[in-house]
Amino acid sequence: MKVMILDDSRTDSYLASQVAKVYFDEVEVYGAPLEFHTALASQRLPELILMDISLGDLHNGIGELDSIRRRATEASIIPIIIVTASTDPALHNFAIDCGASAVLVKPISKEKLAPWLNLLVPHIEVEGK
């Protein structure tokens, strides 16, 4: 099973990748939207995407989420979990309204991710990990 992570923070993407490696055989990390979208269009699709809401000055996770959801491709139905440092319910609701499958508050952990994996990723083994 494969997960793709889009996060411009090396620290946050490292933490997310370490948690994801517990559950996924393949973990791909991208620091910029362009390389992420190129990989998404040219590689085997992931079972899940973890995407930071803040991607530098020119991009944000909501815009990238919207871009994926508007495509008429198989990628448009991949579960996408938005990851953010914000605890603002209005922002979380906005992300859900824009097509996020879930919103997690950083730092990402097994305890925060596991319940969503059970709901969003069929056939994933979460118990005992």
# chains A, B, ... in the order shown; residues from 1 in each chain; ligands from 1
call {"tool": "residues_around", "arguments": {"residues": "segment 62-78 of chain A", "least_positions_apart": "4", "cutoff": "8 Å", "atoms": "only C-alpha atoms", "output": "ChimeraX atom specification"}}
result
/A:33,40,45-49,53,95,98-100
call {"tool": "residues_around", "arguments": {"residues": "Ala114 of chain A", "least_positions_apart": "6", "cutoff": "9 Å", "atoms": "only C-alpha atoms", "output": "JSON, numbers by chain"}}
result
{"A": [23, 126, 127]}
call {"tool": "closest_residue", "arguments": {"among": "A:Val19, A:Met51, A:Ala39, A:Ile5", "to": "Glu111 of chain A", "atoms": "only C-alpha atoms"}}
result
A:Val19
call {"tool": "residues_around", "arguments": {"residues": "Lys112 of chain A", "least_positions_apart": "6", "cutoff": "12 Å", "atoms": "only C-alpha atoms", "output": "list of chain:residue names"}}
result
A:Ala16, A:Val19, A:Ala20, A:Ile81, A:Val83, A:Ala102, A:Val103, A:Leu104, A:Val105, A:Lys106, A:Asn118
call {"tool": "select_by_dssp", "arguments": {"residues": "chain A", "states": "strand (DSSP E)", "output": "list in words"}}
result
Lys2, Val3, Met4, Ile5, Leu6, Glu26, Val27, Glu28, Val29, Tyr30, Leu48, Ile49, Leu50, Met51, Asp52, Ile80, Ile81, Ile82, Val83, Thr84, Ala102, Val103, Leu104 and Val105 of chain A
call {"tool": "write_last_selection", "arguments": {"atoms": "N, CA, C and O atoms", "output": "mmCIF file, in the first residue's frame"}}
result
data_model
loop_
_atom_site.group_PDB
_atom_site.id
_atom_site.type_symbol
_atom_site.label_atom_id
_atom_site.label_comp_id
_atom_site.auth_asym_id
_atom_site.auth_seq_id
_atom_site.Cartn_x
_atom_site.Cartn_y
_atom_site.Cartn_z
ATOM 1 N N LYS A 2 0.371 2.285 -0.618
ATOM 2 C CA LYS A 2 1.174 3.483 -0.844
ATOM 3 C C LYS A 2 0.493 4.727 -0.279
ATOM 4 O O LYS A 2 -0.720 4.888 -0.391
ATOM 5 N N VAL A 3 1.311 5.610 0.307
ATOM 6 C CA VAL A 3 0.851 6.920 0.761
ATOM 7 C C VAL A 3 1.785 7.973 0.172
ATOM 8 O O VAL A 3 2.987 7.740 0.037
ATOM 9 N N MET A 4 1.201 9.109 -0.214
ATOM 10 C CA MET A 4 1.987 10.256 -0.668
ATOM 11 C C MET A 4 1.792 11.381 0.334
ATOM 12 O O MET A 4 0.668 11.631 0.780
ATOM 13 N N ILE A 5 2.909 12.039 0.685
ATOM 14 C CA ILE A 5 2.890 13.131 1.650
ATOM 15 C C ILE A 5 3.356 14.395 0.946
ATOM 16 O O ILE A 5 4.408 14.391 0.300
ATOM 17 N N LEU A 6 2.586 15.472 1.078
ATOM 18 C CA LEU A 6 2.977 16.780 0.553
ATOM 19 C C LEU A 6 3.089 17.735 1.730
ATOM 20 O O LEU A 6 2.090 18.080 2.361
ATOM 21 N N GLU A 26 4.889 1.639 1.010
ATOM 22 C CA GLU A 26 5.504 2.656 0.162
ATOM 23 C C GLU A 26 5.112 4.040 0.685
ATOM 24 O O GLU A 26 3.931 4.365 0.761
ATOM 25 N N VAL A 27 6.114 4.852 1.023
ATOM 26 C CA VAL A 27 5.880 6.204 1.518
ATOM 27 C C VAL A 27 6.693 7.162 0.653
ATOM 28 O O VAL A 27 7.918 7.066 0.600
ATOM 29 N N GLU A 28 6.001 8.058 -0.033
ATOM 30 C CA GLU A 28 6.671 9.043 -0.878
ATOM 31 C C GLU A 28 6.409 10.426 -0.313
ATOM 32 O O GLU A 28 5.264 10.780 -0.040
ATOM 33 N N VAL A 29 7.489 11.207 -0.156
ATOM 34 C CA VAL A 29 7.397 12.542 0.426
ATOM 35 C C VAL A 29 7.773 13.581 -0.621
ATOM 36 O O VAL A 29 8.799 13.445 -1.304
ATOM 37 N N TYR A 30 6.951 14.617 -0.725
ATOM 38 C CA TYR A 30 7.186 15.713 -1.670
ATOM 39 C C TYR A 30 7.134 17.022 -0.912
ATOM 40 O O TYR A 30 6.271 17.233 -0.067
ATOM 41 N N LEU A 48 -3.717 6.723 -0.099
ATOM 42 C CA LEU A 48 -3.985 7.856 0.772
ATOM 43 C C LEU A 48 -2.996 8.976 0.476
ATOM 44 O O LEU A 48 -1.844 8.717 0.103
ATOM 45 N N ILE A 49 -3.450 10.225 0.677
ATOM 46 C CA ILE A 49 -2.584 11.393 0.590
ATOM 47 C C ILE A 49 -2.674 12.144 1.916
ATOM 48 O O ILE A 49 -3.773 12.381 2.426
ATOM 49 N N LEU A 50 -1.511 12.486 2.466
ATOM 50 C CA LEU A 50 -1.422 13.373 3.623
ATOM 51 C C LEU A 50 -0.884 14.701 3.114
ATOM 52 O O LEU A 50 0.185 14.736 2.511
ATOM 53 N N MET A 51 -1.625 15.794 3.333
ATOM 54 C CA MET A 51 -1.253 17.070 2.742
ATOM 55 C C MET A 51 -1.286 18.180 3.786
ATOM 56 O O MET A 51 -2.299 18.384 4.462
ATOM 57 N N ASP A 52 -0.170 18.892 3.883
ATOM 58 C CA ASP A 52 -0.096 20.048 4.767
ATOM 59 C C ASP A 52 -1.000 21.156 4.231
ATOM 60 O O ASP A 52 -1.140 21.312 3.021
ATOM 61 N N ILE A 80 -7.903 12.120 1.066
ATOM 62 C CA ILE A 80 -6.880 13.120 1.363
ATOM 63 C C ILE A 80 -7.109 13.637 2.772
ATOM 64 O O ILE A 80 -8.183 14.166 3.078
ATOM 65 N N ILE A 81 -6.108 13.459 3.612
ATOM 66 C CA ILE A 81 -6.156 13.986 4.965
ATOM 67 C C ILE A 81 -5.314 15.256 5.008
ATOM 68 O O ILE A 81 -4.131 15.235 4.678
ATOM 69 N N ILE A 82 -5.956 16.348 5.384
ATOM 70 C CA ILE A 82 -5.260 17.616 5.548
ATOM 71 C C ILE A 82 -4.627 17.635 6.943
ATOM 72 O O ILE A 82 -5.279 17.273 7.929
ATOM 73 N N VAL A 83 -3.369 18.064 6.995
ATOM 74 C CA VAL A 83 -2.635 18.140 8.252
ATOM 75 C C VAL A 83 -2.306 19.612 8.504
ATOM 76 O O VAL A 83 -1.806 20.296 7.617
ATOM 77 N N THR A 84 -2.601 20.081 9.712
ATOM 78 C CA THR A 84 -2.412 21.501 10.018
ATOM 79 C C THR A 84 -2.032 21.703 11.481
ATOM 80 O O THR A 84 -2.363 20.879 12.330
ATOM 81 N N ALA A 102 -10.488 14.132 5.909
ATOM 82 C CA ALA A 102 -10.320 14.347 7.350
ATOM 83 C C ALA A 102 -9.310 15.459 7.544
ATOM 84 O O ALA A 102 -8.590 15.827 6.615
ATOM 85 N N VAL A 103 -9.248 15.965 8.765
ATOM 86 C CA VAL A 103 -8.258 16.973 9.142
ATOM 87 C C VAL A 103 -7.600 16.514 10.430
ATOM 88 O O VAL A 103 -8.301 16.165 11.391
ATOM 89 N N LEU A 104 -6.274 16.492 10.441
ATOM 90 C CA LEU A 104 -5.516 16.140 11.647
ATOM 91 C C LEU A 104 -4.698 17.340 12.084
ATOM 92 O O LEU A 104 -4.126 18.045 11.258
ATOM 93 N N VAL A 105 -4.622 17.539 13.399
ATOM 94 C CA VAL A 105 -3.795 18.605 13.955
ATOM 95 C C VAL A 105 -2.403 18.043 14.239
ATOM 96 O O VAL A 105 -2.257 16.959 14.810
#
